[in-house]
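To keep things clear, I will list the structure first and then write my remarks on it.
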Amino acid sequence: MSEVAVHPAVEPLAFLLGRWKGEGKGEYPTIEPFTYGEEIEYSHTGRPFLYYVQKTWNPADGYPLHSEAGYLRPVAEGRVELVLAQPSGITEILAGSLNGSLIEMTSTLVGVSPTAKQVSAVRRVISVAGSTLSYQLDMAAVAQDMSIHLRADLQKAEA
Ligand code: HEM
């Protein structure tokens, strides 16, 4: 929808727009460390939110891993909200701050389906510097305190 003008409310988030691709590292106190390939895309429809889609894969064999999709909304000066759904039966609602190209969000609600792994809180920090998008995800899950699960540096991909 690149022909449509970005909604003025979304302008402060326009630095995220486009496709980003790269590799990340995962860990958690209960699992073996791992690496993953990842592609994400932020797009817009002219409405006052960004649409976010992500997919990941095992770099060794290309086998799909986690994926997620959702909406990122600027809600007031310097504040953002994100709603996300994951095929693993987990949903997240996060709220936080936007400072230049740094977004820091903490969950206000994590919903899990009856068979999903137990996750009670998530923290996501996203930043862009030049053509690199970096993020870190920490979570409190499966009876562990808030600990790092993911970090990645993704490069801006051609449109
Ligand atoms: C880049 C995205 C992600 C990748 C590549 C990824 C990958 C993995 C892998 C490989 C494992 C270990 C094997 C397994 O239990 O399936 C795992 C475990 C887990 N992940 Fe993720 N994950 C991602 C995002 C998330 C997110 C967003 C959440 C929650 C909000 C999450 C929650 C969990 C939990 C709860 C476990 C289980 C830990 C345990 O049972 O000890 N993951 N993840």
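Following the order of the structure tokens, chains are lettered A, B, ..., residues in each are numbered from 1, and ligands are numbered from 1.
The neighbours of A:Met105 here are the residues that come within 8 Å of it, using only C-alpha atoms and leaving out any residue fewer than 3 positions away in the same chain; they are A:Val80, A:Glu81, A:Leu94, A:Ala95, A:Gly96, A:Ser97, A:Arg123, A:Arg124, A:Val125.
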Sorted by chain and rising residue number, which residues of chain A lie within 9 Å of ligand 1, and what are their closest atom pairs and distances in Å to one decimal, counting only C-alpha atoms and all ligand atoms, as a tab-separated table?
```
residue	atom	partner	partner_atom_place_in_ligand_line	distance
A:Gly24	CA	ligand 1	1 (C)	7.2
A:Lys25	CA	ligand 1	5 (C)	8.1
A:Gly26	CA	ligand 1	7 (C)	6.5
A:Glu27	CA	ligand 1	11 (C)	7.8
A:Tyr28	CA	ligand 1	38 (C)	6.9
A:Pro29	CA	ligand 1	41 (O)	7.4
A:Thr30	CA	ligand 1	41 (O)	4.3
A:Ile31	CA	ligand 1	41 (O)	5.5
A:Glu32	CA	ligand 1	12 (C)	7.1
A:Pro33	CA	ligand 1	10 (C)	8.0
A:Phe34	CA	ligand 1	10 (C)	6.3
A:Thr35	CA	ligand 1	5 (C)	7.4
A:Tyr36	CA	ligand 1	5 (C)	5.5
A:Gly37	CA	ligand 1	5 (C)	7.7
A:Glu38	CA	ligand 1	1 (C)	6.8
A:Gln54	CA	ligand 1	1 (C)	8.1
A:Lys55	CA	ligand 1	1 (C)	7.5
A:Thr56	CA	ligand 1	5 (C)	5.7
A:Trp57	CA	ligand 1	5 (C)	6.8
A:Asn58	CA	ligand 1	5 (C)	7.8
A:Pro64	CA	ligand 1	5 (C)	8.7
A:Leu65	CA	ligand 1	5 (C)	5.4
A:His66	CA	ligand 1	3 (C)	4.7
A:Ser67	CA	ligand 1	2 (C)	6.4
A:Glu68	CA	ligand 1	27 (C)	7.6
A:Gln86	CA	ligand 1	27 (C)	7.5
A:Ser88	CA	ligand 1	31 (C)	8.3
A:Ile90	CA	ligand 1	30 (C)	6.5
A:Thr91	CA	ligand 1	30 (C)	7.5
A:Glu92	CA	ligand 1	30 (C)	6.9
A:Val110	CA	ligand 1	30 (C)	7.9
A:Ala116	CA	ligand 1	35 (C)	8.1
A:Lys117	CA	ligand 1	35 (C)	4.9
A:Gln118	CA	ligand 1	35 (C)	5.9
A:Val119	CA	ligand 1	35 (C)	5.6
A:Ser120	CA	ligand 1	30 (C)	8.6
A:Ala121	CA	ligand 1	30 (C)	7.7
A:Val122	CA	ligand 1	30 (C)	6.0
A:Arg123	CA	ligand 1	30 (C)	8.8
A:Leu137	CA	ligand 1	27 (C)	7.3
A:Asp138	CA	ligand 1	30 (C)	8.4
A:Met139	CA	ligand 1	30 (C)	6.6
A:Ala140	CA	ligand 1	35 (C)	8.2
A:Ala141	CA	ligand 1	35 (C)	5.2
A:Val142	CA	ligand 1	41 (O)	6.0
A:Ala143	CA	ligand 1	41 (O)	8.9
A:Gln144	CA	ligand 1	41 (O)	8.7
A:His149	CA	ligand 1	21 (Fe)	6.8
A:Leu150	CA	ligand 1	1 (C)	6.4
A:Arg151	CA	ligand 1	1 (C)	8.2
A:Ala152	CA	ligand 1	1 (C)	8.4
```
Please write the residues from the selection above to a file, keeping C-alpha atoms, as a tab-separated table (two decimals), in the first residue's frame.
```tsv
chain	number	residue	atom	x	y	z
A	24	GLY	CA	18.89	-13.91	15.74
A	25	LYS	CA	20.01	-15.76	18.85
A	26	GLY	CA	17.66	-17.41	21.33
A	27	GLU	CA	18.14	-18.67	24.85
A	28	TYR	CA	16.26	-19.23	28.09
A	29	PRO	CA	17.24	-20.80	31.41
A	30	THR	CA	15.22	-23.94	30.53
A	31	ILE	CA	16.39	-24.56	26.93
A	32	GLU	CA	19.52	-24.96	24.82
A	33	PRO	CA	20.68	-21.76	23.05
A	34	PHE	CA	19.73	-21.60	19.36
A	35	THR	CA	20.01	-19.39	16.29
A	36	TYR	CA	17.23	-18.52	13.86
A	37	GLY	CA	16.67	-16.79	10.52
A	38	GLU	CA	14.03	-14.07	10.57
A	54	GLN	CA	7.16	-11.93	11.30
A	55	LYS	CA	8.37	-15.38	10.34
A	56	THR	CA	11.41	-17.32	11.51
A	57	TRP	CA	13.17	-20.51	10.47
A	58	ASN	CA	15.93	-22.89	11.47
A	64	PRO	CA	9.79	-22.83	9.97
A	65	LEU	CA	9.98	-21.83	13.65
A	66	HIS	CA	7.98	-19.20	15.52
A	67	SER	CA	5.84	-16.62	13.69
A	68	GLU	CA	3.64	-13.78	14.84
A	86	GLN	CA	1.18	-16.30	17.80
A	88	SER	CA	1.70	-21.29	19.63
A	90	ILE	CA	-0.01	-17.00	22.94
A	91	THR	CA	-1.33	-13.43	22.59
A	92	GLU	CA	0.37	-10.31	23.88
A	110	VAL	CA	-0.48	-12.05	28.04
A	116	ALA	CA	0.03	-23.10	25.24
A	117	LYS	CA	3.23	-22.78	27.26
A	118	GLN	CA	2.76	-20.61	30.33
A	119	VAL	CA	3.97	-17.02	29.72
A	120	SER	CA	3.15	-14.33	32.29
A	121	ALA	CA	5.04	-11.23	31.07
A	122	VAL	CA	6.98	-10.02	28.03
A	123	ARG	CA	9.28	-7.07	27.46
A	137	LEU	CA	12.73	-9.89	23.91
A	138	ASP	CA	12.67	-10.89	27.56
A	139	MET	CA	9.93	-12.97	29.13
A	140	ALA	CA	8.74	-14.46	32.38
A	141	ALA	CA	7.58	-17.96	31.45
A	142	VAL	CA	7.44	-21.58	32.60
A	143	ALA	CA	8.04	-20.54	36.23
A	144	GLN	CA	11.19	-18.48	35.40
A	149	HIS	CA	14.74	-15.16	25.17
A	150	LEU	CA	15.69	-13.44	21.89
A	151	ARG	CA	17.95	-10.84	20.36
A	152	ALA	CA	18.53	-10.04	16.70
```
For stretch 28-56 of chain A against stretch 7-23 of chain A, with a cut-off of 9 Å and counting only C-alpha atoms, what is the closest atom pair and its distance in Å to one decimal for every residue that makes the cut, ordered by chain and number, as a Markdown table?
```
| residue | atom | partner | partner_atom | distance |
| --- | --- | --- | --- | --- |
| A:Thr35 | CA | A:Glu23 | CA | 7.0 |
| A:Tyr36 | CA | A:Glu23 | CA | 5.5 |
| A:Gly37 | CA | A:Glu23 | CA | 4.4 |
| A:Glu38 | CA | A:Gly22 | CA | 5.5 |
| A:Glu39 | CA | A:Lys21 | CA | 4.4 |
| A:Ile40 | CA | A:Trp20 | CA | 5.3 |
| A:Glu41 | CA | A:Arg19 | CA | 4.3 |
| A:Tyr42 | CA | A:Leu17 | CA | 4.8 |
| A:Ser43 | CA | A:Leu17 | CA | 5.6 |
| A:His44 | CA | A:Leu17 | CA | 7.8 |
| A:Thr45 | CA | A:His7 | CA | 8.4 |
| A:Gly46 | CA | A:His7 | CA | 5.0 |
| A:Arg47 | CA | A:His7 | CA | 5.7 |
| A:Pro48 | CA | A:His7 | CA | 5.5 |
| A:Phe49 | CA | A:Val10 | CA | 6.3 |
| A:Leu50 | CA | A:Val10 | CA | 7.4 |
| A:Thr56 | CA | A:Glu23 | CA | 8.9 |
```
Tell me, as a tab-separated table (two decimals) with N, CA and C atoms, in the first residue's frame, which residues lie within 9 Å of A:Gly70, counting only C-alpha atoms; anything in the same chain fewer than 2 positions away does not count.
```
chain	number	residue	atom	x	y	z
A	50	LEU	N	0.42	0.53	12.36
A	50	LEU	CA	1.26	-0.27	11.47
A	50	LEU	C	0.86	-1.73	11.61
A	51	TYR	N	0.88	-2.44	10.50
A	51	TYR	CA	0.66	-3.88	10.47
A	51	TYR	C	2.04	-4.54	10.54
A	52	TYR	N	2.18	-5.54	11.41
A	52	TYR	CA	3.47	-6.19	11.63
A	52	TYR	C	3.33	-7.68	11.41
A	53	VAL	N	4.18	-8.26	10.55
A	53	VAL	CA	4.21	-9.72	10.37
A	53	VAL	C	5.65	-10.19	10.49
A	68	GLU	N	4.60	-14.61	14.11
A	68	GLU	CA	3.64	-13.78	14.84
A	68	GLU	C	3.17	-12.64	13.95
A	72	LEU	N	0.75	-2.28	15.58
A	72	LEU	CA	1.45	-1.33	16.43
A	72	LEU	C	0.78	0.03	16.27
A	82	LEU	N	1.02	-2.35	21.28
A	82	LEU	CA	1.17	-3.44	20.32
A	82	LEU	C	0.26	-4.59	20.73
A	83	VAL	N	-0.52	-5.11	19.77
A	83	VAL	CA	-1.26	-6.35	20.02
A	83	VAL	C	-0.72	-7.40	19.06
A	84	LEU	N	-0.53	-8.62	19.57
A	84	LEU	CA	0.14	-9.68	18.81
A	84	LEU	C	-0.54	-11.02	19.00
A	85	ALA	N	-0.56	-11.83	17.95
A	85	ALA	CA	-1.04	-13.21	18.05
A	85	ALA	C	0.03	-14.16	17.52
A	86	GLN	N	0.16	-15.30	18.17
A	86	GLN	CA	1.18	-16.30	17.80
A	86	GLN	C	0.52	-17.66	17.64
```
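Note that the spacing between atom CA of A:Ala60 and atom CA of A:Pro87 amounts to 22.0 Å.
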